[in-house]
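work17.txt (compact mmCIF, C-alpha atoms (C1' of nucleotides))
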# COMPACT_ATOMS: atom_id res chain seq x y z
CA MET K 1 -145.14 163.24 147.72
CA ALA K 2 -142.31 160.81 148.24
CA THR K 3 -141.34 161.85 151.77
CA PRO K 4 -144.02 163.77 153.62
CA LYS K 5 -142.92 165.79 156.60
CA THR K 6 -145.48 164.48 159.00
CA ARG K 7 -146.60 160.87 159.19
CA ARG K 8 -150.04 160.49 157.63
CA ARG K 9 -152.67 158.21 159.13
CA GLY K 10 -156.12 156.80 158.43
CA THR K 11 -158.17 158.37 155.68
CA GLU K 12 -155.48 160.72 154.53
CA LEU K 13 -153.05 157.91 153.89
CA ALA K 14 -155.72 155.71 152.35
CA GLU K 15 -156.61 158.36 149.82
CA ALA K 16 -152.99 159.00 149.02
CA ILE K 17 -152.63 155.29 148.27
CA LEU K 18 -155.75 155.28 146.14
CA ARG K 19 -154.58 158.28 144.18
CA ALA K 20 -151.20 156.70 143.61
CA ALA K 21 -152.83 153.46 142.51
CA ALA K 22 -155.17 155.29 140.14
CA ASP K 23 -152.23 157.12 138.61
CA GLU K 24 -150.32 153.90 138.15
CA LEU K 25 -153.40 152.33 136.60
CA ALA K 26 -153.73 155.18 134.14
CA GLU K 27 -150.07 155.05 133.22
CA ALA K 28 -149.25 151.37 133.13
CA GLY K 29 -152.63 149.65 133.19
CA TYR K 30 -153.55 146.87 135.53
CA PRO K 31 -150.68 144.58 134.57
CA GLY K 32 -148.30 147.39 135.49
CA LEU K 33 -149.96 148.04 138.82
CA THR K 34 -147.28 146.96 141.28
CA MET K 35 -147.77 147.06 144.99
CA GLU K 36 -144.24 148.29 145.52
CA ARG K 37 -144.59 151.05 142.95
CA VAL K 38 -147.88 152.18 144.44
CA ALA K 39 -146.37 152.21 147.89
CA GLN K 40 -143.37 154.17 146.70
CA ARG K 41 -145.51 156.62 144.77
CA ALA K 42 -147.73 157.18 147.77
CA GLY K 43 -144.68 157.71 149.92
CA THR K 44 -145.42 154.71 152.10
CA ASN K 45 -144.84 150.97 152.01
CA LYS K 46 -146.74 147.82 151.20
CA ASN K 47 -147.84 147.29 154.80
CA ALA K 48 -150.11 150.30 154.71
CA ILE K 49 -151.73 148.92 151.58
CA TYR K 50 -152.24 145.38 152.77
CA ARG K 51 -153.83 146.63 155.97
CA ARG K 52 -156.59 148.16 153.86
CA TRP K 53 -156.98 145.90 150.84
CA PRO K 54 -156.52 142.14 150.92
CA ASN K 55 -154.72 141.85 147.60
CA ARG K 56 -153.71 143.57 144.40
CA ALA K 57 -157.04 142.96 142.65
CA ALA K 58 -159.02 144.64 145.41
CA LEU K 59 -156.75 147.64 145.30
CA GLY K 60 -157.10 147.78 141.54
CA VAL K 61 -160.88 147.78 141.68
CA ALA K 62 -160.92 150.44 144.37
CA ALA K 63 -158.53 152.60 142.39
CA TYR K 64 -160.57 152.12 139.24
CA ARG K 65 -163.50 153.62 141.06
CA HIS K 66 -161.43 156.76 141.56
CA LEU K 67 -160.33 156.72 137.96
CA ALA K 68 -163.77 156.42 136.40
CA ALA K 69 -165.62 158.45 138.96
CA ASP K 70 -166.65 161.26 136.66
CA ALA K 71 -169.88 160.30 134.95
CA LEU K 72 -170.52 161.64 131.50
CA GLU K 73 -172.80 164.61 131.18
CA PRO K 74 -175.50 163.65 128.69
CA PRO K 75 -175.46 166.05 125.73
CA ASP K 76 -178.63 167.71 124.47
CA THR K 77 -178.34 168.79 120.87
CA GLY K 78 -181.99 168.28 120.06
CA HIS K 79 -181.27 165.37 117.73
CA LEU K 80 -180.80 161.75 118.75
CA ARG K 81 -178.09 161.15 116.16
CA GLU K 82 -175.94 164.01 117.38
CA ASP K 83 -176.52 163.13 121.02
CA ALA K 84 -175.44 159.55 120.46
CA LEU K 85 -172.39 160.55 118.45
CA ALA K 86 -171.40 163.07 121.09
CA LEU K 87 -171.61 160.42 123.80
CA LEU K 88 -169.58 157.94 121.80
CA ARG K 89 -166.96 160.54 120.99
CA ALA K 90 -166.73 161.57 124.61
CA ILE K 91 -166.12 157.97 125.58
CA ASN K 92 -163.70 157.46 122.72
CA CYS K 93 -161.52 160.52 122.88
CA GLY K 94 -162.17 161.80 126.35
CA GLN K 95 -160.45 161.11 129.57
CA THR K 96 -162.46 157.95 129.87
CA SER K 97 -160.27 156.44 127.20
CA PRO K 98 -157.55 154.90 129.36
CA ALA K 99 -160.29 153.51 131.54
CA ALA K 100 -161.11 151.00 128.83
CA ARG K 101 -157.68 149.42 128.95
CA VAL K 102 -157.78 149.42 132.71
CA LEU K 103 -161.20 147.83 132.76
CA ARG K 104 -160.02 145.14 130.39
CA GLY K 105 -157.12 144.35 132.64
CA LEU K 106 -159.19 144.35 135.78
CA LEU K 107 -161.79 142.05 134.30
CA THR K 108 -159.18 139.35 134.11
CA GLY K 109 -157.26 140.34 137.19
CA VAL K 110 -160.14 139.94 139.58
CA GLY K 111 -160.36 136.31 138.59
CA ASP K 112 -163.24 134.53 140.20
CA GLU K 113 -163.90 136.76 143.18
CA PRO K 114 -167.59 137.57 142.91
CA GLU K 115 -167.50 140.61 145.19
CA LEU K 116 -164.89 142.45 143.21
CA ARG K 117 -166.50 141.45 139.96
CA GLU K 118 -169.83 142.78 141.10
CA GLN K 119 -168.25 146.09 142.07
CA LEU K 120 -166.62 146.35 138.68
CA HIS K 121 -169.81 145.48 136.87
CA GLN K 122 -171.81 148.05 138.78
CA GLN K 123 -169.15 150.64 138.14
CA ALA K 124 -169.08 149.90 134.43
CA ALA K 125 -172.85 149.62 134.11
CA GLU K 126 -174.02 152.47 136.30
CA GLY K 127 -171.58 155.01 134.97
CA GLY K 128 -172.38 153.96 131.44
CA THR K 129 -176.12 153.53 131.17
CA LYS K 130 -177.38 156.68 132.79
CA PRO K 131 -176.53 159.22 130.08
CA TRP K 132 -177.83 156.87 127.40
CA LEU K 133 -181.16 156.55 129.13
CA ALA K 134 -181.28 160.33 129.33
CA ILE K 135 -180.78 161.00 125.65
CA VAL K 136 -183.18 158.21 124.69
CA GLU K 137 -185.83 159.59 127.01
CA ARG K 138 -185.67 162.93 125.26
CA ALA K 139 -185.66 161.28 121.85
CA VAL K 140 -188.84 159.39 122.74
CA ALA K 141 -190.44 162.63 123.91
CA ARG K 142 -189.59 164.20 120.55
CA GLY K 143 -190.99 161.21 118.70
CA GLU K 144 -187.58 160.29 117.33
CA ALA K 145 -187.49 156.92 119.05
CA ARG K 146 -190.06 154.29 119.87
CA PRO K 147 -191.07 153.94 123.52
CA GLY K 148 -189.50 150.49 123.76
CA ALA K 149 -186.12 152.10 123.22
CA ARG K 150 -186.06 153.03 126.88
CA HIS K 151 -185.22 149.46 127.73
CA PRO K 152 -181.65 149.58 129.13
CA ARG K 153 -180.41 146.84 126.86
CA VAL K 154 -181.70 148.76 123.86
CA ALA K 155 -180.59 152.20 124.95
CA THR K 156 -177.01 151.12 125.61
CA VAL K 157 -176.46 149.11 122.46
CA ALA K 158 -174.14 151.73 121.00
CA LEU K 159 -172.08 151.76 124.16
CA VAL K 160 -171.78 147.99 124.15
CA LEU K 161 -170.69 147.96 120.52
CA LEU K 162 -168.02 150.55 121.20
CA ARG K 163 -166.86 148.71 124.29
CA ASN K 164 -166.63 145.54 122.26
CA GLU K 165 -164.44 147.41 119.82
CA PHE K 166 -162.19 148.48 122.67
CA LEU K 167 -162.01 145.06 124.25
CA THR K 168 -161.41 142.93 121.20
CA ARG K 169 -159.16 145.25 119.23
CA GLY K 170 -157.28 146.43 122.28
CA LEU K 171 -157.04 149.96 120.99
CA THR K 172 -157.33 152.97 123.20
CA THR K 173 -158.99 154.99 120.46
CA VAL K 174 -161.40 153.89 117.77
CA ASP K 175 -161.62 155.50 114.35
CA ASP K 176 -164.44 158.03 114.14
CA ALA K 177 -165.88 156.30 111.09
CA VAL K 178 -166.62 153.32 113.31
CA LEU K 179 -168.63 155.51 115.67
CA VAL K 180 -170.66 156.89 112.76
CA GLU K 181 -171.21 153.39 111.48
CA ILE K 182 -172.42 152.19 114.85
CA VAL K 183 -174.91 155.04 115.07
CA ASP K 184 -176.17 155.01 111.50
CA GLU K 185 -176.18 151.29 110.82
CA VAL K 186 -177.29 149.98 114.18
CA TYR K 187 -178.36 152.49 116.77
CA LEU K 188 -180.73 154.70 114.80
CA PRO K 189 -182.41 151.85 112.92
CA LEU K 190 -182.89 150.01 116.20
CA LEU K 191 -184.40 152.93 118.10
CA GLY K 192 -186.56 154.14 115.26
CA ALA K 193 -188.04 150.77 114.40
CA MET P 1 -148.21 111.30 128.38
CA ALA P 2 -145.86 112.31 131.17
CA THR P 3 -142.89 110.15 130.18
CA PRO P 4 -142.99 108.87 126.64
CA LYS P 5 -140.82 105.90 125.83
CA THR P 6 -139.19 107.36 122.78
CA ARG P 7 -138.00 110.92 122.53
CA ARG P 8 -140.34 112.94 120.34
CA ARG P 9 -139.07 115.54 117.90
CA GLY P 10 -140.29 118.31 115.59
CA THR P 11 -143.96 118.44 114.74
CA GLU P 12 -144.98 115.64 117.04
CA LEU P 13 -143.54 117.38 120.06
CA ALA P 14 -144.88 120.75 118.98
CA GLU P 15 -148.41 119.42 118.77
CA ALA P 16 -148.09 117.70 122.11
CA ILE P 17 -147.10 121.04 123.61
CA LEU P 18 -149.99 122.81 121.93
CA ARG P 19 -152.46 120.21 123.15
CA ALA P 20 -151.11 120.48 126.67
CA ALA P 21 -151.31 124.27 126.54
CA ALA P 22 -154.87 124.17 125.21
CA ASP P 23 -155.88 121.83 128.02
CA GLU P 24 -154.30 124.09 130.61
CA LEU P 25 -156.07 127.06 129.05
CA ALA P 26 -159.42 125.31 129.25
CA GLU P 27 -158.86 124.29 132.85
CA ALA P 28 -157.18 127.26 134.45
CA GLY P 29 -157.59 130.06 131.92
CA TYR P 30 -154.81 132.24 130.69
CA PRO P 31 -153.69 133.43 134.13
CA GLY P 32 -153.20 129.79 135.07
CA LEU P 33 -151.24 128.95 131.96
CA THR P 34 -147.80 128.25 133.35
CA MET P 35 -144.85 127.34 131.20
CA GLU P 36 -143.67 124.78 133.70
CA ARG P 37 -147.08 123.16 133.95
CA VAL P 38 -147.42 123.00 130.18
CA ALA P 39 -143.98 121.48 129.89
CA GLN P 40 -144.75 118.93 132.56
CA ARG P 41 -148.12 118.07 131.05
CA ALA P 42 -146.58 117.63 127.62
CA GLY P 43 -143.89 115.44 129.13
CA THR P 44 -141.08 117.78 128.20
CA ASN P 45 -139.45 120.89 129.59
CA LYS P 46 -139.53 124.62 129.04
CA ASN P 47 -136.66 124.55 126.59
CA ALA P 48 -138.72 122.78 123.98
CA ILE P 49 -141.40 125.45 124.33
CA TYR P 50 -139.13 128.47 124.17
CA ARG P 51 -137.47 127.09 121.05
CA ARG P 52 -140.84 127.36 119.31
CA TRP P 53 -142.63 130.32 120.88
CA PRO P 54 -140.90 133.45 122.09
CA ASN P 55 -142.96 133.91 125.24
CA ARG P 56 -146.01 132.86 127.19
CA ALA P 57 -148.40 135.14 125.30
CA ALA P 58 -147.45 133.67 121.93
CA LEU P 59 -147.96 130.17 123.24
CA GLY P 60 -151.32 131.20 124.65
CA VAL P 61 -152.54 132.60 121.35
CA ALA P 62 -151.34 129.54 119.46
CA ALA P 63 -153.05 127.25 121.92
CA TYR P 64 -156.24 129.28 121.76
CA ARG P 65 -156.33 128.60 118.06
CA HIS P 66 -156.46 124.90 118.85
CA LEU P 67 -159.12 125.46 121.48
CA ALA P 68 -161.54 127.47 119.36
CA ALA P 69 -160.88 125.72 116.10
CA ASP P 70 -164.37 124.32 115.62
CA ALA P 71 -166.57 126.91 113.91
CA LEU P 72 -170.26 126.85 114.63
CA GLU P 73 -172.55 125.24 112.13
CA PRO P 74 -175.26 127.81 111.29
CA PRO P 75 -178.70 126.42 112.11
CA ASP P 76 -181.59 126.53 109.64
CA THR P 77 -184.95 126.35 111.33
CA GLY P 78 -186.74 128.47 108.77
CA HIS P 79 -187.29 131.32 111.22
CA LEU P 80 -184.82 134.06 112.03
CA ARG P 81 -185.77 134.15 115.70
CA GLU P 82 -185.13 130.45 116.21
CA ASP P 83 -181.91 130.57 114.20
CA ALA P 84 -180.55 133.44 116.28
CA LEU P 85 -181.55 131.83 119.55
CA ALA P 86 -179.98 128.56 118.50
CA LEU P 87 -176.72 130.31 117.69
CA LEU P 88 -176.68 132.17 120.97
CA ARG P 89 -177.44 129.03 122.91
CA ALA P 90 -174.73 127.12 121.11
CA ILE P 91 -172.23 129.82 122.05
CA ASN P 92 -173.57 130.00 125.57
CA CYS P 93 -173.82 126.38 126.60
CA GLY P 94 -171.63 124.69 124.06
CA GLN P 95 -168.00 123.81 124.20
CA THR P 96 -167.22 127.32 123.11
CA SER P 97 -168.12 128.46 126.58
CA PRO P 98 -164.72 128.25 128.28
CA ALA P 99 -163.28 130.00 125.25
CA ALA P 100 -164.82 133.25 126.44
CA ARG P 101 -162.86 133.30 129.66
CA VAL P 102 -159.73 132.32 127.82
CA LEU P 103 -160.25 135.03 125.23
CA ARG P 104 -160.75 137.56 127.97
CA GLY P 105 -157.50 136.57 129.58
CA LEU P 106 -155.58 136.54 126.35
CA LEU P 107 -156.82 139.97 125.36
CA THR P 108 -154.96 141.40 128.30
CA GLY P 109 -152.09 138.98 128.26
CA VAL P 110 -150.92 139.82 124.79
CA GLY P 111 -150.37 143.38 125.92
CA ASP P 112 -149.30 145.63 123.13
CA GLU P 113 -147.93 143.13 120.66
CA PRO P 114 -149.82 143.92 117.46
CA GLU P 115 -149.09 140.61 115.74
CA LEU P 116 -150.58 138.47 118.46
CA ARG P 117 -153.49 140.83 118.86
CA GLU P 118 -154.24 140.65 115.17
CA GLN P 119 -154.20 136.86 115.28
CA LEU P 120 -156.58 136.88 118.21
CA HIS P 121 -158.91 139.36 116.57
CA GLN P 122 -159.06 137.38 113.36
CA GLN P 123 -159.70 134.22 115.30
CA ALA P 124 -162.49 135.79 117.30
CA ALA P 125 -164.03 137.64 114.37
CA GLU P 126 -163.79 135.04 111.64
CA GLY P 127 -165.12 132.20 113.72
CA GLY P 128 -167.93 134.37 115.00
CA THR P 129 -169.32 136.33 112.10
CA LYS P 130 -169.69 133.66 109.45
CA PRO P 131 -172.70 131.78 110.84
CA TRP P 132 -174.49 135.04 111.60
CA LEU P 133 -174.09 136.23 108.06
CA ALA P 134 -175.47 132.90 106.92
CA ILE P 135 -178.69 133.01 108.93
CA VAL P 136 -179.24 136.68 108.06
CA GLU P 137 -178.78 135.95 104.38
CA ARG P 138 -181.55 133.39 104.51
CA ALA P 139 -183.76 135.70 106.57
CA VAL P 140 -183.39 138.41 103.95
CA ALA P 141 -184.27 135.92 101.23
CA ARG P 142 -187.44 135.01 103.14
CA GLY P 143 -188.31 138.66 103.61
CA GLU P 144 -187.86 138.43 107.37
CA ALA P 145 -185.04 140.94 107.46
CA ARG P 146 -184.22 144.09 105.56
CA PRO P 147 -181.35 143.91 103.05
CA GLY P 148 -179.20 146.25 105.12
CA ALA P 149 -179.10 143.60 107.82
CA ARG P 150 -176.36 141.85 105.88
CA HIS P 151 -173.91 144.45 107.08
CA PRO P 152 -171.50 142.55 109.37
CA ARG P 153 -171.86 145.04 112.19
CA VAL P 154 -175.61 144.61 112.06
CA ALA P 155 -175.67 140.86 111.61
CA THR P 156 -173.41 140.21 114.57
CA VAL P 157 -175.06 142.54 117.06
CA ALA P 158 -176.50 139.67 119.05
CA LEU P 159 -173.10 138.01 119.26
CA VAL P 160 -171.49 141.22 120.46
CA LEU P 161 -174.15 141.72 123.13
CA LEU P 162 -173.65 138.20 124.39
CA ARG P 163 -169.88 138.58 124.34
CA ASN P 164 -170.25 141.79 126.31
CA GLU P 165 -172.25 139.86 128.86
CA PHE P 166 -169.46 137.31 129.11
CA LEU P 167 -166.70 139.85 129.34
CA THR P 168 -168.19 142.24 131.84
CA ARG P 169 -169.95 139.76 134.10
CA GLY P 170 -167.18 137.22 133.88
CA LEU P 171 -169.61 134.34 133.82
CA THR P 172 -169.08 131.25 131.77
CA THR P 173 -172.81 130.82 131.23
CA VAL P 174 -175.50 133.43 130.78
CA ASP P 175 -179.10 132.96 131.83
CA ASP P 176 -181.32 131.91 128.94
CA ALA P 177 -183.70 134.78 129.61
CA VAL P 178 -180.91 137.15 128.67
CA LEU P 179 -180.53 135.44 125.32
CA VAL P 180 -184.24 135.75 124.64
CA GLU P 181 -184.13 139.40 125.66
CA ILE P 182 -181.24 140.09 123.32
CA VAL P 183 -183.09 138.53 120.43
CA ASP P 184 -186.54 139.95 121.08
CA GLU P 185 -185.63 143.41 122.33
CA VAL P 186 -182.67 144.16 120.11
CA TYR P 187 -181.87 141.73 117.34
CA LEU P 188 -185.27 141.23 115.74
CA PRO P 189 -186.32 144.89 115.94
CA LEU P 190 -182.99 145.88 114.43
CA LEU P 191 -183.11 143.46 111.52
CA GLY P 192 -186.77 143.96 110.77
CA ALA P 193 -186.69 147.73 110.82
C1' DT I 1 -119.92 105.00 111.96
C1' DC I 2 -119.95 109.58 113.09
C1' DG I 3 -121.22 114.30 113.25
C1' DT I 4 -125.18 117.40 113.49
C1' DT I 5 -129.40 118.52 115.35
C1' DA I 6 -132.73 118.77 118.77
C1' DA I 7 -134.28 116.91 122.80
C1' DG I 8 -133.97 116.46 128.27
C1' DG I 9 -132.23 118.11 132.86
C1' DT I 10 -131.12 121.57 135.89
C1' DA I 11 -129.89 125.67 137.78
C1' DC I 12 -130.12 130.56 137.94
C1' DG I 13 -131.32 135.74 137.83
C1' DG I 14 -135.05 138.76 138.01
C1' DT I 15 -139.67 140.30 139.20
C1' DC I 16 -143.51 140.43 141.90
C1' DC I 17 -146.97 139.00 145.47
C1' DG I 18 -148.01 138.43 150.07
C1' DT I 19 -146.37 137.90 155.02
C1' DA I 20 -143.73 138.62 159.16
C1' DC I 21 -141.23 141.15 162.39
C1' DC I 22 -139.67 145.08 164.71
C1' DG I 23 -138.81 149.84 165.75
C1' DT I 24 -141.19 154.28 165.86
C1' DA I 25 -144.30 158.17 165.40
C1' DC I 26 -148.93 159.70 166.32
C1' DC I 27 -153.21 160.02 169.26
C1' DG I 28 -156.38 159.94 173.09
C1' DT I 29 -156.58 159.71 177.95
C1' DA I 30 -155.43 160.51 182.65
C1' DT F 1 -147.11 165.80 181.08
C1' DA F 2 -146.66 160.97 181.20
C1' DC F 3 -148.36 156.77 179.18
C1' DG F 4 -150.09 153.08 176.40
C1' DG F 5 -152.42 151.52 172.35
C1' DT F 6 -152.72 151.92 167.47
C1' DA F 7 -151.04 152.54 163.11
C1' DC F 8 -147.14 153.67 160.14
C1' DG F 9 -142.23 152.92 158.25
C1' DG F 10 -138.41 149.81 157.06
C1' DT F 11 -136.81 145.60 155.84
C1' DA F 12 -136.33 140.96 155.04
C1' DC F 13 -138.13 136.72 153.48
C1' DG F 14 -140.64 132.68 151.16
C1' DG F 15 -142.89 131.35 147.11
C1' DA F 16 -144.42 131.51 142.32
C1' DC F 17 -143.33 132.38 137.87
C1' DC F 18 -140.90 134.04 133.54
C1' DG F 19 -137.17 133.73 130.64
C1' DT F 20 -132.17 132.26 129.91
C1' DA F 21 -127.95 129.58 130.11
C1' DC F 22 -125.37 125.52 130.06
C1' DC F 23 -124.57 120.91 129.70
C1' DT F 24 -125.80 116.09 128.69
C1' DT F 25 -128.04 112.78 125.79
C1' DA F 26 -130.89 110.69 122.33
C1' DA F 27 -132.36 110.65 117.53
C1' DC F 28 -131.56 111.25 112.66
C1' DG F 29 -128.91 111.64 108.24
C1' DA F 30 -124.86 111.09 105.38

Conversion result in structure tokens:
Amino acid sequence: MATPKTRRRGTELAEAILRAAADELAEAGYPGLTMERVAQRAGTNKNAIYRRWPNRAALGVAAYRHLAADALEPPDTGHLREDALALLRAINCGQTSPAARVLRGLLTGVGDEPELREQLHQQAAEGGTKPWLAIVERAVARGEARPGARHPRVATVALVLLRNEFLTRGLTTVDDAVLVEIVDEVYLPLLGA
Amino acid sequence: MATPKTRRRGTELAEAILRAAADELAEAGYPGLTMERVAQRAGTNKNAIYRRWPNRAALGVAAYRHLAADALEPPDTGHLREDALALLRAINCGQTSPAARVLRGLLTGVGDEPELREQLHQQAAEGGTKPWLAIVERAVARGEARPGARHPRVATVALVLLRNEFLTRGLTTVDDAVLVEIVDEVYLPLLGA
DNA sequence: TCGTTAAGGTACGGTCCGTACCGTACCGTA
DNA sequence: TACGGTACGGTACGGACCGTACCTTAACGA
């Protein structure tokens, strides 16, 4: 990838840059995302990057979109407790794990640019809430959860607690006992109330 | 403060540096915390800083301790709902507000140094959980909350939800309706279950 | 009084962001 | 096939900042 035979242009080059940036994000996090390294990895130079994104933060957000593109498939075990645990474990152990560190870095890196921040927030919210709403919907249908549990802020409480664990402790993986505690002490009592 | 008459030494100088760093943190956040600016503001130079703290992150954490030193006084209105709302509003509007942005910046800035991270986590946890445990304790005594609500992870759910709002949206102030929603949709149902 | 300690001053290497400039390959069009 | 515009590659640079080195100078203690 370092020295392509033919000179790439337009979309092809843009996607090569994004892929390189996403890889760098996954490896070194946002603080380690260097324009020169991305350019080198993509087999191009900084010019090609700055013609497409105004600064490092914008590139980071765009690359994060590539990194966290795969939405979680909501599990369906027939029990709310198992569904919730499965979702948490997927977020915890799965490939989404490095995304937490990246997200943490980006949240500070974007500074006070509202556009980028909005993109990030949508990315983090949209990709996160949907599967939770799905499992809660089924739980309500089974009579396992009260109808009010379909409120997004209620349905995603477990996700927020786990994310808080990521953000404040700075770990890339949380102990499984914490996940169980979140579900048994908070999530199930809240939804069943 | 820029050019003191007599040359300060030891503790006096150290505290001047910490105060300057805390001020810079409050004004420009962690990304804007520059060693040269801190030195200039404290009326000294970078040498005096690097003799006391090994790097910028360590100085940032130490200064944050100065910034967020004042713990919240738990309110006592006689009703759990009002107590919780008062706490949230104090965190939201009060002087603790810039601390959220600073904390967000520090959480990335400390990188992978476990010592600093532990200090930060203690600072954020200790200062935050105590008042919540206090108001929940009284609510349980009044029969407003179930005994299991005294679990720290349960008692601080509202705080975590608000912090999540700070961290992901990047705002320094959250709309009051969000606070009410957190309390009415999540916190009260959870504690009363 | 004098030596030790810690302060101030300054300069430097290194890294990285963002910009500028210029030569050059690709592409559509005639 | 010739041509001209557009976009890419290479490189160099200014500026900001971190962290370090070295020297001078003031404060303190014996």

Inset, instruction - With a distance cut-off of 8 Å and only C-alpha atoms (C1' of nucleotides), select the neighbouring residues of Leu72 (chain K), excluding the residue or stretch itself and same-chain residues fewer than 3 positions from it, and output the selection as a count of residues only. - result: 5

Inset, instruction - Measure the distance from CA of Arg65 (chain K) to CA of Gln123 (chain K) in Å and round it to one decimal. - result: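 Distance reported for this atom pair: 7.0 Å.
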
Legend entry - Within 8 Å of chain K: residues of chain P, using only C-alpha atoms, as a list of chain:residue names: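 Going by the stated atoms only, the list reads P:Arg104, P:Gly105, P:Leu107, P:Thr108, P:Arg117, P:Glu118, P:His121, P:Arg153, P:Val154, P:Val157, P:Val160, P:Leu161, P:Arg163, P:Asn164, P:Leu167, P:Thr168, P:Arg169, P:Gly170, P:Ile182, P:Glu185, P:Val186, P:Pro189, P:Leu190, P:Gly192, P:Ala193.
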
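For the pair CA of Pro147 (chain P) and CA of Ala177 (chain K), the interatomic distance is 21.4 Å.
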
Inset, instruction - In Å, rounded to a single decimal, give me how far CA of Leu67 (chain K) is from CA of Ala84 (chain K). - result: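 Taking CA of Ala84 (chain K) and CA of Leu67 (chain K), their separation equals 23.3 Å.
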
Inset, instruction - Within 12 Å of DC22 (chain I), counting only C-alpha atoms (C1' of nucleotides), which residues show up once you throw out same-chain ones fewer than 5 positions away? Write them as a VMD selection string, please. - result: chain F and resid 9 to 12

Legend entry - Within 10 Å of chain K: residues of chain I, using all atoms listed in the file, as a list in words: DC16, DC17, DG18, DT19, DA25 and DC26 of chain I

Inset, instruction - Please return, as a PyMOL selection string, all residues of chain K lying within 12 Å of chain F when all atoms listed in the file are considered. - result: chain K and resi 3-4+6-11+13-14+39-40+43-49+51-52

Legend entry - Non-local contacts of Ala141 (chain K) (12 Å; only C-alpha atoms (C1' of nucleotides); under 5 positions in same chain excluded) as a PyMOL selection string: chain K and resi 78-80+134-136+146-147+149-150

Mind writing the picked residues with C-alpha atoms as a compact mmCIF listing (two decimals), keeping the file's coordinate frame?
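result-v5.txt, written as the output of this step:
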# COMPACT_ATOMS: atom_id res chain seq x y z
CA GLY K 78 -181.99 168.28 120.06
CA HIS K 79 -181.27 165.37 117.73
CA LEU K 80 -180.80 161.75 118.75
CA ALA K 134 -181.28 160.33 129.33
CA ILE K 135 -180.78 161.00 125.65
CA VAL K 136 -183.18 158.21 124.69
CA ARG K 146 -190.06 154.29 119.87
CA PRO K 147 -191.07 153.94 123.52
CA ALA K 149 -186.12 152.10 123.22
CA ARG K 150 -186.06 153.03 126.88

Inset, instruction - Could you give me, as a VMD selection string, the residues within 10 Å of Ala62 (chain P), counting all atoms listed in the file and dropping anything in the same chain fewer than 2 positions from it? - result: chain P and resid 18 21 to 22 53 56 to 60 64 to 67 116 119 to 120

Using the atoms already present, construct N, CA and C atoms for region 99-110 of chain K and hand them back as an mmCIF file, in the frame of the given file.
data_model
loop_
_atom_site.group_PDB
_atom_site.id
_atom_site.type_symbol
_atom_site.label_atom_id
_atom_site.label_comp_id
_atom_site.auth_asym_id
_atom_site.auth_seq_id
_atom_site.Cartn_x
_atom_site.Cartn_y
_atom_site.Cartn_z
ATOM 1 N N ALA K 99 -159.508 154.366 130.665
ATOM 2 C CA ALA K 99 -160.290 153.510 131.540
ATOM 3 C C ALA K 99 -160.644 152.192 130.859
ATOM 4 N N ALA K 100 -160.759 152.229 129.532
ATOM 5 C CA ALA K 100 -161.110 151.000 128.830
ATOM 6 C C ALA K 100 -160.022 149.955 128.998
ATOM 7 N N ARG K 101 -158.779 150.361 128.807
ATOM 8 C CA ARG K 101 -157.680 149.420 128.950
ATOM 9 C C ARG K 101 -157.626 148.901 130.385
ATOM 10 N N VAL K 102 -157.813 149.813 131.305
ATOM 11 C CA VAL K 102 -157.780 149.420 132.710
ATOM 12 C C VAL K 102 -158.884 148.420 133.005
ATOM 13 N N LEU K 103 -160.069 148.732 132.519
ATOM 14 C CA LEU K 103 -161.200 147.830 132.760
ATOM 15 C C LEU K 103 -160.918 146.452 132.199
ATOM 16 N N ARG K 104 -160.356 146.423 131.014
ATOM 17 C CA ARG K 104 -160.020 145.140 130.390
ATOM 18 C C ARG K 104 -159.051 144.362 131.277
ATOM 19 N N GLY K 105 -158.073 145.039 131.782
ATOM 20 C CA GLY K 105 -157.120 144.350 132.640
ATOM 21 C C GLY K 105 -157.753 143.880 133.931
ATOM 22 N N LEU K 106 -158.579 144.717 134.508
ATOM 23 C CA LEU K 106 -159.190 144.350 135.780
ATOM 24 C C LEU K 106 -160.116 143.155 135.615
ATOM 25 N N LEU K 107 -160.822 143.122 134.497
ATOM 26 C CA LEU K 107 -161.790 142.050 134.300
ATOM 27 C C LEU K 107 -161.109 140.689 134.353
ATOM 28 N N THR K 108 -159.866 140.625 133.974
ATOM 29 C CA THR K 108 -159.180 139.350 134.110
ATOM 30 C C THR K 108 -158.501 139.249 135.460
ATOM 31 N N GLY K 109 -158.019 140.381 135.951
ATOM 32 C CA GLY K 109 -157.260 140.340 137.190
ATOM 33 C C GLY K 109 -158.075 139.917 138.393
ATOM 34 N N VAL K 110 -159.345 140.268 138.404
ATOM 35 C CA VAL K 110 -160.140 139.940 139.580
ATOM 36 C C VAL K 110 -160.415 138.443 139.649
#
